[in-house]
Protein chains: 2
Amino acid sequence: MPNKKSHPSALHEKAGISPPEMISSESVKNIQQFRKVQPSSTELVDGILAGNITALSRAITLVESTNGGHLAKANEVINACLPHANKSVRIGITGVPGVGKSTFIEAFGKYLTGLGKKVAVLAVDPSSTISHGSILGDKTRMEELVKDKNAYIRPSASGETLGGVARKTRETITLCEACGFDTIIIETVGVGQSETAVHSMVDFFLLLKISGAGDELQGIKRGIMEMADAIVINKADGDNIKKAQFAKLEFNRALHLFPAKKSGWTPTTSTCSAITHEGIPEVWETIQKFLELTKGNNSLFEKRKEQNQYWMLETINEQLKLNFYNHPEIQKLLDSTKKAVQNDEISPFAAASLLLKTYFKD
Amino acid sequence: MPNKKSHPSALHEKAGISPPEMISSESVKNIQQFRKVQPSSTELVDGILAGNITALSRAITLVESTNGGHLAKANEVINACLPHANKSVRIGITGVPGVGKSTFIEAFGKYLTGLGKKVAVLAVDPSSTISHGSILGDKTRMEELVKDKNAYIRPSASGETLGGVARKTRETITLCEACGFDTIIIETVGVGQSETAVHSMVDFFLLLKISGAGDELQGIKRGIMEMADAIVINKADGDNIKKAQFAKLEFNRALHLFPAKKSGWTPTTSTCSAITHEGIPEVWETIQKFLELTKGNNSLFEKRKEQNQYWMLETINEQLKLNFYNHPEIQKLLDSTKKAVQNDEISPFAAASLLLKTYFKD
């Protein structure tokens, strides 16, 4: 009904808009019908094992789902995939923003698919939001690899906690492996605790660096250098070659300061250019040598077992803490107790004891 | 009754020995009476604040007690001491066995008492048994310091978990400070996680090293170098001086590889000899500079607040885990679940989820 007043009140309501006629009720029914047809977990597993990328993507979406009802189904799929997983090499790649992680992964990934490898590129980025955050979000940064049918690129899962994001990525590795990917690359940004998480799910941990004006060794987050199985100095091209060579020497000296690795592997340093592709094959050669050593002395599989156990215990510990800190009584008391402790009004242990008593009373 | 057989049977019992008459029943009563007179928490606190070493020792024994009934009293004493604590400098000293920690602490401690300081020497050694373990157990290794009335040496508390031992040492710091000790030295061995615990209760962390045949930088536990505020190369005497100087240079270069400290402090390297006492005053000078900087920018007190909070949260987390892993149902399931996870029969996250369901069901 058209409004007849020339100056309608702000409170005036317009007549509702009726649905356009080209959406037939039949179409709506079809769409709803299609939505209902979620593949069963068996269908997903069969698809994954057959190398079907659509099935893989749907299973990953299931794993990433925050819908509680999806958890049981996700676990079914993963447990069914487990016997078919575990056969790839898992490579973690980290480096601060600006070192050229994406261009390196693009060049390295293309080199690997050129060798006949099937490459999955995943990411752990707890800062990513619902809209799939900063790293790997923009697939255009890996233009070539995206088009490669032997490569599969999946942006970081989103989530509020690192633990949650890490869990989803760890499960995604299993799915990718069961789907036939033999080389898994996991990218992470050089911030927070995300490298520790990635380090705990890969076989080989690669730290990407660039040479700088005298600050080759600055800006390395605590503990990162110790985790590295290889340090690769990227952007060793043009005027930069000499500086990169110098940085390589510096890092090499630095690596000797660290205690020997359990695996018996001695970390390496090298230079490369993601643009000229110089040094890219050498990175893969290094990883081959690493695999030869660690498969030979069985440390590769021992480490994977330890990693599995680590993730189980980590998940338990995180959940125990969540349960405690989300307890309504604890939430009421925590801030004031923290303050009292910080200001030496109560000993940290007496304070802990009080809070624990409150928690376990229930 | 004397035995009349010339070859008594092995089963023969001698007549009992009656108590010697010089222990009068009155003395026994007195001793028992004395034992009953446990000082009240107020008496202990008054004694501590008056600088009474006997009261201090008794309070520490109370804190170290595993008798559940003592906990409340210990907490009373500590909380009453807290407002009088917090005024010392807390120095952590670590180094692998053989670097001469005891002789260094003896020389350093004597130097400090010579300056009029009151020095307490504590230790964190989770490997110590009921009989007070390997470090600081043998006070003869600090002969001079033991006799010094301005020094107080207390061996490591014993305990099954590092958390327990660390807690007791952390509380002992408070008691020593309230008792007037202005310099607290906490020794730890270079193994396990004990350095992290000590690092989390001190202001200044000193890594003691010796020069070796080319292995200056070997054998450093992961992460220890990053924690150090100073690296001191001990045993720089006799033929060793040149090697120690070289080691100093090597370590100095190494320290630059690490990210800057929050406090703004740049870690230092130096050499010293606990025998010639060369370099000992310089260690104290370094600590003075550190205090000047960190008191100036307030990072000293900020760090202590953070440490207090850390200990509260750590204690909570440890207790939550203990409660979980000691749960009878979990104990039944844990081993088999771990194995299944290690062998990729179930995903670590699905396994965690199963165990957590069992735990929270109760």
# chains A, B, ... in the order shown; residues from 1 in each chain; ligands from 1
$ select_by_dssp --residues "segment 241-360 of chain B" --states "helix (DSSP H, G or I)" --output "PyMOL selection string"
chain B and resi 241-255+280-296+299-325+328-342+348-360
$ residues_around --residues "segment 176-191 of chain A" --least-positions-apart "2" --cutoff "8 Å" --atoms "only C-alpha atoms" --output "MDAnalysis selection string"
chainID A and resid 48:53 56 81:82 84:97 101 117:125 135 172:174 193:195 198 202 221
$ calpha_fit_rmsd --fixed "chain A" --moving "chain B"
1.2 Å
$ atom_distance --atom1 "atom CA of Phe349 of chain B" --atom2 "atom CA of Ala74 of chain A"
10.8 Å
$ closest_residue --among "B:Asn308, B:Lys303, B:Leu71, B:Asp239" --to "Glu345 of chain A" --atoms "only C-alpha atoms"
B:Asn308
$ residues_around --residues "segment 285-294 of chain B" --least-positions-apart "2" --cutoff "8 Å" --atoms "only C-alpha atoms" --output "list in words"
Phe204, Ser263, Gly264, Trp265, Thr268, Pro281, Glu282, Val283, Gly296, Asn297, Asn298, Ser299 and Leu300 of chain B
$ residues_around --residues "Thr358 of chain B" --least-positions-apart "2" --cutoff "12 Å" --atoms "only C-alpha atoms" --output "PyMOL selection string"
(chain A and resi 316) or (chain B and resi 324-325+327-334+351-356+360-362)
$ atom_distance --atom1 "atom CA of Lys110 of chain A" --atom2 "atom CA of Arg141 of chain A"
13.4 Å
$ closest_residue --among "B:Asp148, B:Glu143, B:Glu43, B:Glu226" --to "Phe258 of chain A" --atoms "only C-alpha atoms"
B:Glu226
$ atom_distance --atom1 "atom CA of Thr315 of chain B" --atom2 "atom CA of Leu207 of chain B"
26.1 Å
$ select_by_dssp --residues "segment 149-360 of chain B" --states "strand (DSSP E or B)" --output "list in words"
Ala151, Tyr152, Ile153, Thr183, Ile184, Ile185, Ile186, Glu187, Thr188, Val189, Phe204, Phe205, Leu206, Leu207, Leu208, Lys209, Ile210, Ala230, Ile231, Val232, Ile233, Asn234, Thr268, Thr269, Ser270 and Thr271 of chain B
